[in-house]
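What follows is one structure encoded as structure tokens, with my remarks underneath.
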Amino acid sequence: MRTDERAMAYGGGWLDRSGGRRADPDWVAARLAAAGTVLLPLWRDRCLVTAERTPVRLSAPDSAAVLAAADETVFLGLDGEVAVFAVDLSGRGEQEAAGLVGAASTVDVRAIFTGLGPAEAAIQGYARGLLHWHRQQRHCGSCGTRTVTTFGGHARTCDACDRLLFPRIEPAVIVLVEAPGSPDRCLLARHRGAAEGSYSTLAGFVEVGESLEDAVRREVAEEAGVVVGDVAYQGSQAWPFPAGLMVGFRATAVSDRIAVDGEELLEARWFTRDELRERAAGGRPLGRVDSIDHQLLTGWLAGGR
């Protein structure tokens with residue numbers, strides 16, 4: 001499996017998703033039955049892990065009881081010649097699911113992220129997001145008929161109205177806003193529900209009829225009262241919690257005036273690089289270690305003195 005240490009979290013693993021072959025149910029069934037095929041079991045969006053808190057990996061040919069107990073079994077892709085499937089045991093009790101696969105417990109992938117390699121974290125996130133979608137799309141949104149899994153688990157169909165349903169992706173923007181002029185400063189905010197003194201970058205979902213840049217300008221204006229001019233793309237991150245795609249930007253404010261909305265944000269302020277370094281040295285994290293906001297902040301710190 002190819003890995004790339006520079007990739008964003010949950011984007012460091014590349015399986016061959018075999019889009020041209022997974023539409024063939026016979027091919028998918030043959031892969032599931034093949035020697036060496038791997039199963040990744042999950043329970044209600046949580047990884048089933050060993051006592052060492054590593055995700056359980058099973059051999060499909062030796063796991064007939066697990067497959068029989070599964071709510072869904074979906075094809076993730078090929079790791080070289082080895083097929084990898086995700087198995088949803090959410091219909092079972094937590095202890096029953098753990099016992100079926102020999103797991104010690106269940107945990108959120110974010111809780112064990114630092115102990116996983118980039119590829120393993122990416123695959124666990126991928127499996128989590130896809131299985132979550134299946135649980136939410138049991139019935140057709142048009143006619144209410146129960147839907148059926150197809151394309152190896154990458155779509156569902158409604159036999160009553162012939163509707164084809166694909167996994168939903170929810171794009172969101174996340175932005176590091178810089179103040180105009182000198183000294184160099186960036187805008188961070190304390191969101192409702194965050195601890196006192198806890199600051200992060202601004203983010204929000206893209207709305208219908210918006211470009212990504214439009215969404216950046218709207219979110220920053222609505223939440224912080226800051227008018228943004230130039231917007232520059234920085235990178236993107238899969239965020240399967242449950243179905244996000246985080247798109248990162250830097251933007252430059254027209255002025256340093258702030259007027260928080262009091263709803264999403266409780267306060268916001270401009271920070272110099274020295275102030276951020278002091279916060280980091282004092283144990284204040286610069287965003288979640290597995291999130292693109294961490295990359296935006298550390299990248300900005302590295303960009304000047």
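By order in the structure tokens, chains are A, B, ...; within a chain, residues start at 1; ligands start at 1, following the order shown.
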
Who sits within 9 Å of A:Gly117, only C-alpha atoms, same chain under 2 positions skipped, as a CSV table (one decimal) with C-alpha atoms, in the first residue's frame:
```
chain,number,residue,atom,x,y,z
A,3,THR,CA,1.8,5.9,1.8
A,5,GLU,CA,3.7,11.3,4.9
A,12,GLY,CA,-2.7,9.0,3.2
A,13,GLY,CA,-3.9,5.6,1.9
A,113,PHE,CA,-5.2,8.4,15.1
A,114,THR,CA,-1.7,9.1,16.4
A,115,GLY,CA,-1.0,5.4,16.7
A,119,ALA,CA,-2.7,4.6,5.1
A,120,GLU,CA,-4.4,2.8,8.0
A,121,ALA,CA,-6.0,6.0,9.2
A,122,ALA,CA,-7.3,6.8,5.7
```

- Task: Using DSSP on the backbone coordinates, identify all residues within stretch 52-194 of chain A classified as strand (DSSP E or B); present the result as an MDAnalysis selection string.
- Result: chainID A and resid 55 58:59 72:79 82:88 105:107 139 146 148:150 155:157 164:165 170:178 185:191

- Query: Residues at most 9 Å from stretch 175-192 of chain A, counting only C-alpha atoms, excluding those fewer than 6 positions away in the same chain, as an NGL selection string?
  - Reply: :A and (198-203 or 216 or 220 or 224 or 228 or 231 or 247-256 or 260 or 262-273 or 293 or 296-297 or 300 or 304)

- Would you list, as a PyMOL selection string, the residues of stretch 93-300 of chain A that end up in alpha helix (DSSP H) under DSSP run on this structure's backbone? chain A and resi 94-101+118-136+212-224+273-281+292-300

Take the residues from that selection and put them in a file with C-alpha atoms, as a CSV table (one decimal), in the first residue's frame.
```csv
chain,number,residue,atom,x,y,z
A,94,GLU,CA,-21.3,-3.8,21.3
A,95,GLN,CA,-20.1,-6.7,23.3
A,96,GLU,CA,-21.5,-9.2,20.9
A,97,ALA,CA,-19.8,-7.4,18.0
A,98,ALA,CA,-16.5,-7.3,19.8
A,99,GLY,CA,-16.8,-11.0,20.7
A,100,LEU,CA,-17.5,-12.0,17.1
A,101,VAL,CA,-14.2,-10.5,15.9
A,118,PRO,CA,-1.4,7.4,7.3
A,119,ALA,CA,-2.7,4.6,5.1
A,120,GLU,CA,-4.4,2.8,8.0
A,121,ALA,CA,-6.0,6.0,9.2
A,122,ALA,CA,-7.3,6.8,5.7
A,123,ILE,CA,-8.8,3.3,5.2
A,124,GLN,CA,-10.5,3.3,8.6
A,125,GLY,CA,-11.9,6.8,7.9
A,126,TYR,CA,-13.1,5.6,4.4
A,127,ALA,CA,-14.8,2.5,5.8
A,128,ARG,CA,-16.4,4.6,8.6
A,129,GLY,CA,-17.8,7.1,6.2
A,130,LEU,CA,-19.2,4.6,3.7
A,131,LEU,CA,-20.8,2.4,6.3
A,132,HIS,CA,-22.4,5.4,8.0
A,133,TRP,CA,-24.0,6.4,4.7
A,134,HIS,CA,-25.5,3.0,4.2
A,135,ARG,CA,-27.1,3.1,7.6
A,136,GLN,CA,-28.6,6.5,6.7
A,212,LEU,CA,-15.9,27.7,-2.4
A,213,GLU,CA,-14.5,31.2,-2.4
A,214,ASP,CA,-18.0,32.6,-2.0
A,215,ALA,CA,-18.5,30.3,1.1
A,216,VAL,CA,-15.2,31.6,2.6
A,217,ARG,CA,-16.2,35.2,2.3
A,218,ARG,CA,-19.7,34.6,3.6
A,219,GLU,CA,-18.7,32.5,6.6
A,220,VAL,CA,-16.0,34.9,7.8
A,221,ALA,CA,-18.4,37.9,7.3
A,222,GLU,CA,-21.3,36.2,9.0
A,223,GLU,CA,-19.5,34.8,12.0
A,224,ALA,CA,-16.7,37.3,12.7
A,273,ARG,CA,3.2,34.5,15.2
A,274,ASP,CA,5.0,35.1,18.5
A,275,GLU,CA,1.6,34.8,20.4
A,276,LEU,CA,0.8,31.5,18.7
A,277,ARG,CA,4.3,30.1,19.4
A,278,GLU,CA,3.8,31.1,23.1
A,279,ARG,CA,0.4,29.4,23.2
A,280,ALA,CA,1.9,26.2,21.6
A,281,ALA,CA,4.8,26.3,24.1
A,292,ILE,CA,-6.4,20.6,8.2
A,293,ASP,CA,-6.6,23.5,10.6
A,294,HIS,CA,-3.4,22.3,12.3
A,295,GLN,CA,-1.7,22.3,8.8
A,296,LEU,CA,-3.0,25.8,8.1
A,297,LEU,CA,-1.7,27.2,11.4
A,298,THR,CA,1.7,25.4,11.4
A,299,GLY,CA,2.1,26.4,7.8
A,300,TRP,CA,1.4,30.1,8.6
```

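One distance worth recording is that between atom CA of A:His139 and atom CA of A:Pro167, which is 13.4 Å.
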
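You can rank A:Arg44, A:Thr147, A:Asp24, A:Gln237 by their closest distance to A:Gly93 using only C-alpha atoms, and at the top of that list sits A:Arg44.
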
- Item | Top pick for closest residue to A:Tyr10, considering A:Ala232, A:Leu165, A:Ala194, A:Leu116 and counting only C-alpha atoms | A:Leu116

Env of A:Leu15: 6 Å cut, atoms = only C-alpha atoms, seq-sep filter 3 positions within chain, self excluded. Answer as an mmCIF file with N, CA and C atoms, in the first residue's frame.
```
data_model
loop_
_atom_site.group_PDB
_atom_site.id
_atom_site.type_symbol
_atom_site.label_atom_id
_atom_site.label_comp_id
_atom_site.auth_asym_id
_atom_site.auth_seq_id
_atom_site.Cartn_x
_atom_site.Cartn_y
_atom_site.Cartn_z
ATOM 1 N N GLY A 77 -11.578 -1.724 -1.848
ATOM 2 C CA GLY A 77 -10.622 -1.657 -2.940
ATOM 3 C C GLY A 77 -9.607 -2.772 -2.860
ATOM 4 N N LEU A 78 -8.629 -2.686 -3.748
ATOM 5 C CA LEU A 78 -7.553 -3.674 -3.801
ATOM 6 C C LEU A 78 -6.270 -3.057 -3.265
ATOM 7 N N ASP A 79 -5.616 -3.772 -2.366
ATOM 8 C CA ASP A 79 -4.293 -3.411 -1.877
ATOM 9 C C ASP A 79 -3.323 -4.342 -2.601
#
```

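The closest residue to A:Gly20, picked from A:Ala60, A:Gly91, A:Leu40, A:His154 and counting only C-alpha atoms, is A:His154.
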
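Take atom CA of A:Phe85 and atom CA of A:Leu39: the distance between them is 4.9 Å.
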
- Task: Pick out the closest residue to A:Ala35 from this set: A:Gly11, A:Pro61, A:Pro285, A:Gly19. Count only C-alpha atoms.
- Result: A:Pro61
